[in-house]
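Note sheet for the following structure.
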Amino acid sequence: MSLPSSGDDLRDAELTVVIPSYNSATWLPSTIDALAESVRVAGVAVEVLVIDDGSEDDTVAIVGSLAGAFPGDLRVVRQENQGRFLARWAGIQQARAEHVLLLDSRVLLGPRSLGHVMSGVAAEPQIAGWNAHVDIDPDAPLVGHFWEVPTHVFWGAYLRAPRPFDLTGANFDSAPKGTTAFLARKDVLTAAFEQAWPDGDAKLMSDDTKILRWLADFGGIRLDPGFSVIYRPRTTVKGFVKHSLDRGTMFVDSYAGTSLLRSAAILIASIAPVVVLGAIVALAATGAWPGALLVLGAVLLLLLVPLVPAAINRCPGRGLAAYCVILPVFTVPFWFGLVRGVFVHRRAFARRAEAASAGKAKQ
């Protein structure tokens, strides 16, 4: 269901902005205000589709109150709660412009970001997608900075000195990427979403990794600090726990079957905690407390090891502190999500074998 447009006499939209929103009424005013400023600076004709994904708050009323002052067409598309993948898909299908910007509801677009990325699109149309450089809101509570350590471990080479970076299929895991703020042609995004279409509950599927992997293979993805945004993360422990659980499940969907090593690592990670806990309990039950404490200490040390490469890669001190404090809150729900993912996405582990067999059949 689409609410009425704010006007029919607007110029043809040069860009459609799709904002999936689930109970994000608190964040939307500042998100849309920042977008409006970037639109004014860029001088681009836009339509903005806020996809209300079954929200139980006053999203519709909030967007309606902002539509009159927005420098473009701002409207709401309502659907039942189906998750971000299908919310974005709904927006892409209704987009009137040739290019679509996917923008999360908690994101503040930089004032010059839209003009920068639109100039890049015009200059290099062969690039399949444009990925924003994302900074975490420095004013976010400690729980919101937890992910800075993992990102600085895996993508430290880029984060030490952010610069324009082209992601391809060959170097896909070399730099941070995501659909938090991502721009591409509508037809290209449509093809990417179709090939990544979920075969189960879309809320438990990866909402971007498979899409981005296809785009990186198709025409490359430009990660560009000139196209920058600020992300406002979860601010409550309850929200963080739910997010960690879902992240564990989506992680399996994103990487299971992409290589033998990754599949093995996922399976080991899902089993190892049970084995370690069993060993600790067995040692304690037999009175071997020194051995039980030794195993427990080794596990804790292993979990803290990421702090070293993260610090070397210039992870902010608040991120390092958040990792130490929030790690006990993160570990259990993420592991439960991982185990759930192994069961929900068990067919994904066969993707690599199926692809290899198909390749041999073509030879």
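FYI, nothing fancy with the structure tokens labels: chains A, B, ... in order, residues from 1 per chain, ligands from 1 as they appear.
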Which residues are near segment 167-170 of chain A? Cut-off 9 Å, only C-alpha atoms, ignore same chain within fewer than 5 positions. Put them as a PyMOL selection string. chain A and resi 175+177+213-223
Which residues come within 12 Å of Ile32 of chain A, counting only C-alpha atoms, excluding same-chain residues fewer than 5 positions away, as JSON, numbers by chain? {"A": [17, 18, 19, 24, 25, 26, 27, 37, 38, 39, 47, 48, 49, 50, 62, 63, 64, 65, 66, 67, 69, 70, 71, 72, 73, 74, 75, 103, 104, 105, 106, 107, 108, 109, 110, 111]}
Residue neighbourhood Phe251 of chain A, 9 Å, only C-alpha atoms, exclusion window fewer than 3 positions, as a CSV table (one decimal) with N, CA, C and O atoms, in the first residue's frame:
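Result written to out-v6.csv:
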```
chain,number,residue,atom,x,y,z
A,205,MET,N,17.6,-14.3,6.5
A,205,MET,CA,18.6,-14.4,5.4
A,205,MET,C,19.5,-13.1,5.4
A,205,MET,O,19.1,-12.1,5.9
A,206,SER,N,20.7,-13.3,4.8
A,206,SER,CA,21.5,-12.1,4.7
A,206,SER,C,20.8,-11.1,3.8
A,206,SER,O,20.3,-11.4,2.7
A,209,THR,N,25.0,-9.3,1.8
A,209,THR,CA,26.3,-9.8,1.4
A,209,THR,C,26.2,-10.5,0.0
A,209,THR,O,27.1,-10.2,-0.8
A,246,ASP,N,20.6,-12.1,15.4
A,246,ASP,CA,20.3,-12.1,14.0
A,246,ASP,C,21.6,-12.1,13.1
A,246,ASP,O,21.7,-12.7,12.1
A,247,ARG,N,22.6,-11.3,13.6
A,247,ARG,CA,23.9,-11.3,12.9
A,247,ARG,C,24.5,-12.7,12.8
A,247,ARG,O,25.1,-13.0,11.8
A,248,GLY,N,24.4,-13.5,13.9
A,248,GLY,CA,25.0,-14.8,13.8
A,248,GLY,C,24.3,-15.7,12.7
A,248,GLY,O,25.0,-16.4,12.0
A,254,SER,N,25.6,-15.7,4.7
A,254,SER,CA,26.5,-14.9,3.9
A,254,SER,C,27.7,-15.7,3.5
A,254,SER,O,28.2,-15.5,2.3
A,255,TYR,N,28.3,-16.6,4.3
A,255,TYR,CA,29.6,-17.2,4.0
A,255,TYR,C,29.6,-18.7,3.9
A,255,TYR,O,30.6,-19.2,3.4
A,256,ALA,N,28.6,-19.4,4.4
A,256,ALA,CA,28.6,-20.8,4.2
A,256,ALA,C,28.6,-21.2,2.8
A,256,ALA,O,27.8,-20.7,2.0
A,266,ILE,N,32.8,-22.0,10.2
A,266,ILE,CA,31.5,-21.8,10.7
A,266,ILE,C,31.1,-23.0,11.6
A,266,ILE,O,30.6,-22.9,12.7
A,337,GLY,N,22.7,-17.5,17.5
A,337,GLY,CA,22.4,-17.2,16.1
A,337,GLY,C,23.1,-18.0,15.1
A,337,GLY,O,22.6,-18.4,14.1
A,338,LEU,N,24.4,-18.3,15.4
A,338,LEU,CA,25.2,-19.1,14.5
A,338,LEU,C,24.7,-20.5,14.4
A,338,LEU,O,24.6,-21.0,13.3
A,341,GLY,N,21.6,-20.5,12.5
A,341,GLY,CA,22.0,-20.3,11.0
A,341,GLY,C,22.4,-21.6,10.4
A,341,GLY,O,22.1,-21.9,9.2
```
Which residue gives the smallest distance to Val100 of chain A among A:Val46, A:Cys324, A:Val276, A:Ala132, with only C-alpha atoms counted? A:Val46
Close residues, Ala348 of chain A itself excluded, 12 Å, only C-alpha atoms, min 3 positions apart in chain, as JSON, numbers by chain: {"A": [198, 199, 200, 205, 206, 210, 250, 251, 252, 253, 254, 255, 256, 257, 258, 259, 260, 262, 263, 266, 341, 342, 343, 344, 345, 351, 352, 353, 354, 355]}
Could you please take those selected residues and save N, CA, C and O atoms as a CSV table (one decimal), in the first residue's frame?
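Output saved as result-v5.csv:
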```csv
chain,number,residue,atom,x,y,z
A,198,PRO,N,15.8,-14.8,-1.3
A,198,PRO,CA,15.8,-15.8,-0.2
A,198,PRO,C,14.8,-17.0,-0.5
A,198,PRO,O,13.8,-16.8,-1.1
A,199,ASP,N,15.2,-18.2,-0.1
A,199,ASP,CA,14.4,-19.4,-0.3
A,199,ASP,C,13.7,-19.8,1.0
A,199,ASP,O,13.2,-20.9,1.1
A,200,GLY,N,13.7,-18.9,2.0
A,200,GLY,CA,13.0,-19.2,3.2
A,200,GLY,C,12.5,-17.9,3.9
A,200,GLY,O,12.2,-16.9,3.1
A,205,MET,N,17.6,-14.3,6.5
A,205,MET,CA,18.6,-14.4,5.4
A,205,MET,C,19.5,-13.1,5.4
A,205,MET,O,19.1,-12.1,5.9
A,206,SER,N,20.7,-13.3,4.8
A,206,SER,CA,21.5,-12.1,4.7
A,206,SER,C,20.8,-11.1,3.8
A,206,SER,O,20.3,-11.4,2.7
A,210,LYS,N,25.2,-11.3,-0.2
A,210,LYS,CA,25.1,-12.0,-1.5
A,210,LYS,C,24.8,-11.0,-2.7
A,210,LYS,O,25.3,-11.2,-3.8
A,250,MET,N,22.6,-14.6,10.0
A,250,MET,CA,22.9,-14.0,8.7
A,250,MET,C,24.3,-14.3,8.3
A,250,MET,O,24.6,-14.4,7.1
A,251,PHE,N,25.2,-14.3,9.3
A,251,PHE,CA,26.6,-14.6,8.9
A,251,PHE,C,26.8,-16.0,8.2
A,251,PHE,O,27.5,-16.1,7.3
A,252,VAL,N,26.0,-16.9,8.7
A,252,VAL,CA,26.1,-18.3,8.1
A,252,VAL,C,25.5,-18.2,6.7
A,252,VAL,O,26.1,-18.7,5.7
A,253,ASP,N,24.4,-17.5,6.5
A,253,ASP,CA,23.9,-17.3,5.1
A,253,ASP,C,24.8,-16.6,4.2
A,253,ASP,O,24.9,-16.9,3.0
A,254,SER,N,25.6,-15.7,4.7
A,254,SER,CA,26.5,-14.9,3.9
A,254,SER,C,27.7,-15.7,3.5
A,254,SER,O,28.2,-15.5,2.3
A,255,TYR,N,28.3,-16.6,4.3
A,255,TYR,CA,29.6,-17.2,4.0
A,255,TYR,C,29.6,-18.7,3.9
A,255,TYR,O,30.6,-19.2,3.4
A,256,ALA,N,28.6,-19.4,4.4
A,256,ALA,CA,28.6,-20.8,4.2
A,256,ALA,C,28.6,-21.2,2.8
A,256,ALA,O,27.8,-20.7,2.0
A,257,GLY,N,29.4,-22.1,2.4
A,257,GLY,CA,29.5,-22.6,1.0
A,257,GLY,C,30.3,-21.7,0.1
A,257,GLY,O,30.5,-22.1,-1.1
A,258,THR,N,30.8,-20.5,0.6
A,258,THR,CA,31.6,-19.7,-0.3
A,258,THR,C,33.0,-20.2,-0.5
A,258,THR,O,33.7,-19.9,-1.4
A,259,SER,N,33.5,-21.0,0.5
A,259,SER,CA,34.8,-21.7,0.4
A,259,SER,C,34.8,-22.8,1.4
A,259,SER,O,34.0,-22.8,2.4
A,260,LEU,N,35.6,-23.8,1.2
A,260,LEU,CA,35.7,-25.0,2.1
A,260,LEU,C,36.2,-24.5,3.5
A,260,LEU,O,35.7,-24.9,4.6
A,262,ARG,N,35.9,-21.4,4.9
A,262,ARG,CA,34.8,-20.7,5.6
A,262,ARG,C,33.8,-21.6,6.2
A,262,ARG,O,33.3,-21.4,7.3
A,263,SER,N,33.4,-22.6,5.4
A,263,SER,CA,32.3,-23.5,5.9
A,263,SER,C,32.8,-24.3,7.1
A,263,SER,O,32.1,-24.5,8.1
A,266,ILE,N,32.8,-22.0,10.2
A,266,ILE,CA,31.5,-21.8,10.7
A,266,ILE,C,31.1,-23.0,11.6
A,266,ILE,O,30.6,-22.9,12.7
A,341,GLY,N,21.6,-20.5,12.5
A,341,GLY,CA,22.0,-20.3,11.0
A,341,GLY,C,22.4,-21.6,10.4
A,341,GLY,O,22.1,-21.9,9.2
A,342,VAL,N,23.2,-22.4,11.1
A,342,VAL,CA,23.7,-23.7,10.6
A,342,VAL,C,22.5,-24.6,10.2
A,342,VAL,O,22.5,-25.3,9.2
A,343,PHE,N,21.5,-24.6,11.1
A,343,PHE,CA,20.3,-25.4,10.8
A,343,PHE,C,19.4,-24.8,9.7
A,343,PHE,O,19.0,-25.4,8.7
A,344,VAL,N,19.2,-23.5,9.8
A,344,VAL,CA,18.3,-22.8,8.8
A,344,VAL,C,18.9,-22.8,7.4
A,344,VAL,O,18.2,-23.0,6.4
A,345,HIS,N,20.2,-22.6,7.4
A,345,HIS,CA,20.9,-22.4,6.1
A,345,HIS,C,21.8,-23.6,5.8
A,345,HIS,O,22.8,-23.5,5.1
A,351,ARG,N,26.6,-25.3,-1.5
A,351,ARG,CA,26.7,-24.4,-2.7
A,351,ARG,C,28.0,-24.5,-3.4
A,351,ARG,O,28.1,-24.6,-4.6
A,352,ARG,N,29.1,-24.6,-2.6
A,352,ARG,CA,30.4,-24.7,-3.2
A,352,ARG,C,30.6,-26.0,-4.0
A,352,ARG,O,31.1,-26.0,-5.2
A,353,ALA,N,30.1,-27.1,-3.4
A,353,ALA,CA,30.3,-28.4,-4.1
A,353,ALA,C,29.4,-28.4,-5.4
A,353,ALA,O,29.8,-28.9,-6.4
A,354,GLU,N,28.2,-27.8,-5.3
A,354,GLU,CA,27.3,-27.8,-6.5
A,354,GLU,C,27.9,-26.9,-7.6
A,354,GLU,O,27.9,-27.2,-8.8
A,355,ALA,N,28.5,-25.7,-7.2
A,355,ALA,CA,29.1,-24.9,-8.2
A,355,ALA,C,30.3,-25.5,-8.8
A,355,ALA,O,30.6,-25.4,-10.0
```
Residues within 10 Å of Ala140 of chain A, please, as number ranges by chain. Count only C-alpha atoms; anything in the same chain fewer than 2 positions from it doesn't count. A: 136-138, 142-145, 231-235
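Every residue of segment 206-338 of chain A found in strand (DSSP E or B) when DSSP is run on the backbone appears here: Ile221, Arg222, Leu223, Asp224, Pro225, Gly226, Phe227, Ser228, Val229, Ile230 and Tyr231 of chain A.
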Nearest candidate to Asp173 of chain A (options A:Gly68, A:Ala123, A:Arg185, A:Phe154; using only C-alpha atoms): A:Phe154
What's around Val44 of chain A at 9 Å? Count only C-alpha atoms, leave out sequence neighbours fewer than 2 positions away in its own chain, and write the answer as a PyMOL selection string. chain A and resi 13-15+39-42+46+72+114-115+118
Would you put the residues from that selection into a file with N, CA, C and O atoms, as a CSV table (one decimal), in the first residue's frame?
```csv
chain,number,residue,atom,x,y,z
A,13,ALA,N,12.2,12.4,-11.3
A,13,ALA,CA,13.2,12.2,-10.3
A,13,ALA,C,14.5,11.7,-10.9
A,13,ALA,O,14.5,10.8,-11.8
A,14,GLU,N,15.6,12.2,-10.5
A,14,GLU,CA,16.9,11.8,-11.0
A,14,GLU,C,17.4,10.6,-10.1
A,14,GLU,O,18.3,9.8,-10.5
A,15,LEU,N,16.9,10.6,-8.9
A,15,LEU,CA,17.3,9.6,-7.9
A,15,LEU,C,16.2,9.2,-7.0
A,15,LEU,O,15.4,10.1,-6.6
A,39,VAL,N,20.5,16.8,-0.4
A,39,VAL,CA,19.7,17.0,-1.6
A,39,VAL,C,19.8,18.5,-2.1
A,39,VAL,O,20.1,18.8,-3.3
A,40,ARG,N,19.7,19.4,-1.1
A,40,ARG,CA,19.8,20.8,-1.5
A,40,ARG,C,21.2,21.2,-2.0
A,40,ARG,O,21.3,21.9,-3.0
A,41,VAL,N,22.2,20.7,-1.4
A,41,VAL,CA,23.6,21.0,-1.8
A,41,VAL,C,23.8,20.4,-3.2
A,41,VAL,O,24.5,21.0,-4.0
A,42,ALA,N,23.3,19.2,-3.4
A,42,ALA,CA,23.6,18.5,-4.7
A,42,ALA,C,22.7,19.1,-5.8
A,42,ALA,O,23.1,19.0,-7.0
A,46,VAL,N,14.8,14.4,-6.4
A,46,VAL,CA,14.7,13.1,-5.7
A,46,VAL,C,13.3,12.8,-5.4
A,46,VAL,O,12.4,13.6,-5.1
A,72,GLY,N,11.7,17.6,-2.3
A,72,GLY,CA,11.4,16.5,-3.3
A,72,GLY,C,10.2,15.8,-2.9
A,72,GLY,O,9.4,16.2,-2.0
A,114,LEU,N,25.9,13.4,-1.3
A,114,LEU,CA,25.0,13.1,-2.5
A,114,LEU,C,25.6,13.7,-3.8
A,114,LEU,O,25.6,13.0,-4.8
A,115,GLY,N,26.0,14.9,-3.7
A,115,GLY,CA,26.6,15.6,-4.8
A,115,GLY,C,27.9,14.9,-5.3
A,115,GLY,O,28.1,14.7,-6.5
A,118,MET,N,26.9,11.4,-7.0
A,118,MET,CA,26.2,11.6,-8.2
A,118,MET,C,27.2,12.0,-9.3
A,118,MET,O,27.0,11.6,-10.5
```
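Atom CA of Leu102 of chain A is found 13.4 Å from atom CA of Ala192 of chain A.
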